[in-house]
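**Q** Okay, handing you the structure first.
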Amino acid sequence: METRLLSKDLKVTAVGLGCMGFSHGYGAPTDEQEAIKAIRAAYDMGYRFFDTAEIYTGTHPDGSISYNEELVGKALADVRDDVVIATKFGIASHGDTLKVDSSPDTIRKSVEGSLKRLGTNHIDLYYQHRIDPSVTPEAVAQVMQELINEGKITHWGISEANEDYLRRANAVCKVTAVQNRYSMMYREYEKLFPVLEELNVGLVAFSPLANGLLTGKMAKTKFAKDDLRNKMPQFTEEAYEKNQELIHLLEEIAKRHKATPAQISLAWMINKKPYIVPIPGSRHLNRMKDNLDAANIKMTKEEVSQIDAILDEIPMSDVFGGTKTEHK
């Protein structure tokens with residue numbers, strides 16, 4: 001499996017596995033044993049980079065809570081030294097919004113909780129899940145440096161980072177990666193590329209398939225009642241019609257490469273920059289395998305640029321850009 005470096009020394013597979021969906025966001029949580037088996041199957045396929053977060057929890061029909069970090073930890077316990085596990089701190093559910101809190105005390109409580117749930121003595125990549133406007137980037141970075149010195153984490157990153165925050169944080173404690181939303185439908189963070197290259201910071205791309213739309217297999221899908229996609233603008237009836245040209249484009253490119261639309265969506269960003277690592281999520285083993293194999297698809301710089309030019313002009317619906325957050 002192709003690997004690449006995030007910043008100077010964090011080696012990961014070119015495609016990682018976003019584990020959120022096993023317990024959070026997409027309907028009822030997966031049965032615990034089935035989830036553990038699926039995550040372990042991903043390892044057997046070749047995945048070595050797994051993404052979770054303390055907030056990724058869900059409630060089973062019997063009222064029991066599914067903790068995503070526990071699933072990841074149990075699935076990978078006996079291969080822990082052969083994988084990179086990323087998790088996140090700094091947000092909690094608060095009604096229909098997310099409450100952000102990156103105070104030093106909260107960070108320290110969070111890291112201890114994550115270490116326990118993961119069943120490990122260190123976290124390979126620890127992200128600030130969302131920026132907290134009440135805490136300076138310097139203060140957060142100082143805590144990260146302390147946690148590195150203590151051996152509780154080895155690298156850290158920032159999710160939904162902007163240039164000013166990234167520069168200020170990086171000046172205190174080297175940032176390994178930003179984890180930002182990025183896909184053919186959401187390219188806002190391309191403006192950050194020059195900064196990432198200057199500072200040698202990797203980009204871990206979440207929602208790289210626009211929450212599944214770019215698989216080309218979700219036309220007029222009916223989602224479970226508690227599935228977050230019910231509220232996403234790319235899944236309305238109007239959006240389905242508006243996005244047909246985009247889906248057809250993906251299908252045409254996929255035919256040329258003897259691939260799937262999902263693989264093309266991932267290969268496009270993998271071939272664009274050597275520091276981009278997408279982390280698509282799926283609970284289905286066949287899709288996990290397809291996503292992993294996207295790293296084997298080679299595109300020239302010219303082909304990537306041509307796709308970019310088309311994406312600049314092609315009609316698209318709005319796409320989900322994130323849940324509203326509030327701070328203390």
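Identifiers for the structure tokens are assigned positionally: chains receive A, B, ... in sequence, residues are indexed from 1 per chain, and ligands are indexed from 1 in the order shown.
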Using DSSP on the backbone coordinates, identify the residues of segment 148-264 of chain A assigned to strand (DSSP E); present them as a ChimeraX atom specification.
**A** /A:156-159,177-181,202-206
**Q** Quick one: residues within 9 Å of segment 236-251 of chain A, only C-alpha atoms, excluding same-chain residues fewer than 2 positions away - as number ranges by chain?
**A** A: 213-216, 219-220, 230-234, 253-256, 259-262, 264-265, 310-311, 314-318
**Q** Let's have the selection written as a compact mmCIF listing (two decimals), in the first residue's frame, with N, CA and C atoms.
**A**
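Output saved as again.txt:
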```txt
# COMPACT_ATOMS: atom_id res chain seq x y z
N LEU A 213 -22.07 11.45 -1.57
CA LEU A 213 -22.67 11.84 -2.85
C LEU A 213 -21.78 11.49 -4.03
N LEU A 214 -20.46 11.65 -3.87
CA LEU A 214 -19.54 11.46 -4.99
C LEU A 214 -19.26 10.00 -5.30
N THR A 215 -19.90 9.10 -4.57
CA THR A 215 -19.83 7.69 -4.97
C THR A 215 -20.67 7.44 -6.21
N GLY A 216 -21.63 8.34 -6.47
CA GLY A 216 -22.54 8.16 -7.61
C GLY A 216 -23.60 7.10 -7.36
N ALA A 219 -28.33 8.29 -5.34
CA ALA A 219 -29.42 9.05 -5.93
C ALA A 219 -30.73 8.79 -5.19
N LYS A 220 -31.32 9.87 -4.67
CA LYS A 220 -32.62 9.81 -4.02
C LYS A 220 -32.67 8.76 -2.90
N ASN A 230 -29.88 13.79 6.28
CA ASN A 230 -31.22 14.31 6.05
C ASN A 230 -31.25 15.84 6.02
N LYS A 231 -30.27 16.46 6.67
CA LYS A 231 -30.23 17.93 6.75
C LYS A 231 -29.18 18.54 5.83
N MET A 232 -28.55 17.71 5.01
CA MET A 232 -27.48 18.22 4.15
C MET A 232 -28.03 18.67 2.80
N PRO A 233 -27.62 19.84 2.33
CA PRO A 233 -28.21 20.40 1.10
C PRO A 233 -27.92 19.60 -0.16
N GLN A 234 -26.87 18.81 -0.19
CA GLN A 234 -26.55 18.05 -1.40
C GLN A 234 -27.47 16.85 -1.61
N ILE A 253 -14.75 9.89 -16.32
CA ILE A 253 -13.35 9.74 -15.92
C ILE A 253 -13.10 8.33 -15.38
N ALA A 254 -14.07 7.82 -14.64
CA ALA A 254 -13.94 6.47 -14.07
C ALA A 254 -13.80 5.42 -15.17
N LYS A 255 -14.53 5.59 -16.25
CA LYS A 255 -14.43 4.63 -17.37
C LYS A 255 -13.03 4.63 -17.95
N ARG A 256 -12.43 5.81 -18.09
CA ARG A 256 -11.08 5.89 -18.65
C ARG A 256 -10.06 5.17 -17.78
N ALA A 259 -12.22 2.48 -13.16
CA ALA A 259 -12.37 2.69 -11.73
C ALA A 259 -13.82 3.06 -11.42
N THR A 260 -14.08 3.40 -10.17
CA THR A 260 -15.42 3.84 -9.76
C THR A 260 -15.40 5.36 -9.56
N PRO A 261 -16.57 6.02 -9.58
CA PRO A 261 -16.60 7.46 -9.29
C PRO A 261 -15.97 7.81 -7.95
N ALA A 262 -16.21 6.99 -6.94
CA ALA A 262 -15.62 7.26 -5.63
C ALA A 262 -14.10 7.23 -5.70
N ILE A 264 -12.22 7.83 -8.27
CA ILE A 264 -11.75 9.01 -9.00
C ILE A 264 -11.77 10.24 -8.10
N SER A 265 -12.80 10.37 -7.28
CA SER A 265 -12.89 11.51 -6.36
C SER A 265 -11.72 11.53 -5.40
N ILE A 310 -12.77 22.08 -15.01
CA ILE A 310 -14.17 21.71 -15.21
C ILE A 310 -14.98 21.93 -13.94
N LEU A 311 -14.40 21.56 -12.80
CA LEU A 311 -15.09 21.74 -11.53
C LEU A 311 -15.37 23.21 -11.25
N ILE A 314 -18.63 23.74 -13.63
CA ILE A 314 -19.76 22.83 -13.67
C ILE A 314 -20.80 23.21 -12.61
N PRO A 315 -22.10 23.08 -12.91
CA PRO A 315 -23.10 23.39 -11.89
C PRO A 315 -23.07 22.38 -10.75
N MET A 316 -23.20 22.89 -9.52
CA MET A 316 -23.24 22.03 -8.33
C MET A 316 -24.21 22.64 -7.33
N SER A 317 -24.79 21.77 -6.53
CA SER A 317 -25.63 22.25 -5.43
C SER A 317 -24.75 22.75 -4.30
N ASP A 318 -25.38 23.35 -3.32
CA ASP A 318 -24.66 23.61 -2.07
C ASP A 318 -24.29 22.27 -1.46
```
**Q** If we count only C-alpha atoms, what is near Glu34 of chain A at a cut-off of 12 Å, once residues fewer than 6 positions away on the same chain are taken out, given as a list in words?
**A**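 Near neighbours after the sequence-gap exclusion: Phe22, Ser23, Arg40, Ala41, Leu71, Val72, Lys74, Ala75, Arg283, His284 and Leu285 of chain A.
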**Q** For segment 36-142 of chain A versus segment 152-162 of chain A, which residues have an atom no more than 12 Å away, and what is each residue's nearest atom pair and distance in Å rounded to one decimal, using only C-alpha atoms, chain-then-number order, as CSV?
**A**
```
residue,atom,partner,partner_atom,distance
A:Ala53,CA,A:Ser159,CA,11.4
A:Val84,CA,A:Thr154,CA,10.4
A:Ile85,CA,A:Ile153,CA,10.4
A:Ala86,CA,A:Trp156,CA,8.9
A:Thr87,CA,A:Trp156,CA,9.6
A:Lys88,CA,A:Ser159,CA,8.7
A:Phe89,CA,A:Ile158,CA,9.9
A:Gly90,CA,A:Ser159,CA,10.2
A:Ile91,CA,A:Ser159,CA,11.2
A:Ser102,CA,A:Ile158,CA,11.5
A:Ile107,CA,A:Lys152,CA,11.9
A:Arg108,CA,A:Lys152,CA,10.1
A:Ser110,CA,A:Lys152,CA,11.6
A:Val111,CA,A:Lys152,CA,7.8
A:Glu112,CA,A:Lys152,CA,8.6
A:Gly113,CA,A:Lys152,CA,11.6
A:Ser114,CA,A:Lys152,CA,10.4
A:Leu115,CA,A:Lys152,CA,8.1
A:Lys116,CA,A:Lys152,CA,11.4
A:Thr120,CA,A:Lys152,CA,9.3
A:Asn121,CA,A:Lys152,CA,6.5
A:His122,CA,A:Lys152,CA,4.5
A:Ile123,CA,A:Ile153,CA,4.6
A:Asp124,CA,A:Thr154,CA,5.1
A:Leu125,CA,A:His155,CA,4.7
A:Tyr126,CA,A:Trp156,CA,4.6
A:Tyr127,CA,A:Gly157,CA,4.5
A:Gln128,CA,A:Ile158,CA,4.8
A:His129,CA,A:Ser159,CA,5.1
A:Arg130,CA,A:Ser159,CA,5.7
A:Ile131,CA,A:Ala161,CA,7.3
A:Asp132,CA,A:Ala161,CA,11.0
A:Pro137,CA,A:Ile158,CA,9.9
A:Val140,CA,A:Ile158,CA,10.2
A:Ala141,CA,A:Trp156,CA,8.7
A:Gln142,CA,A:Trp156,CA,11.3
```
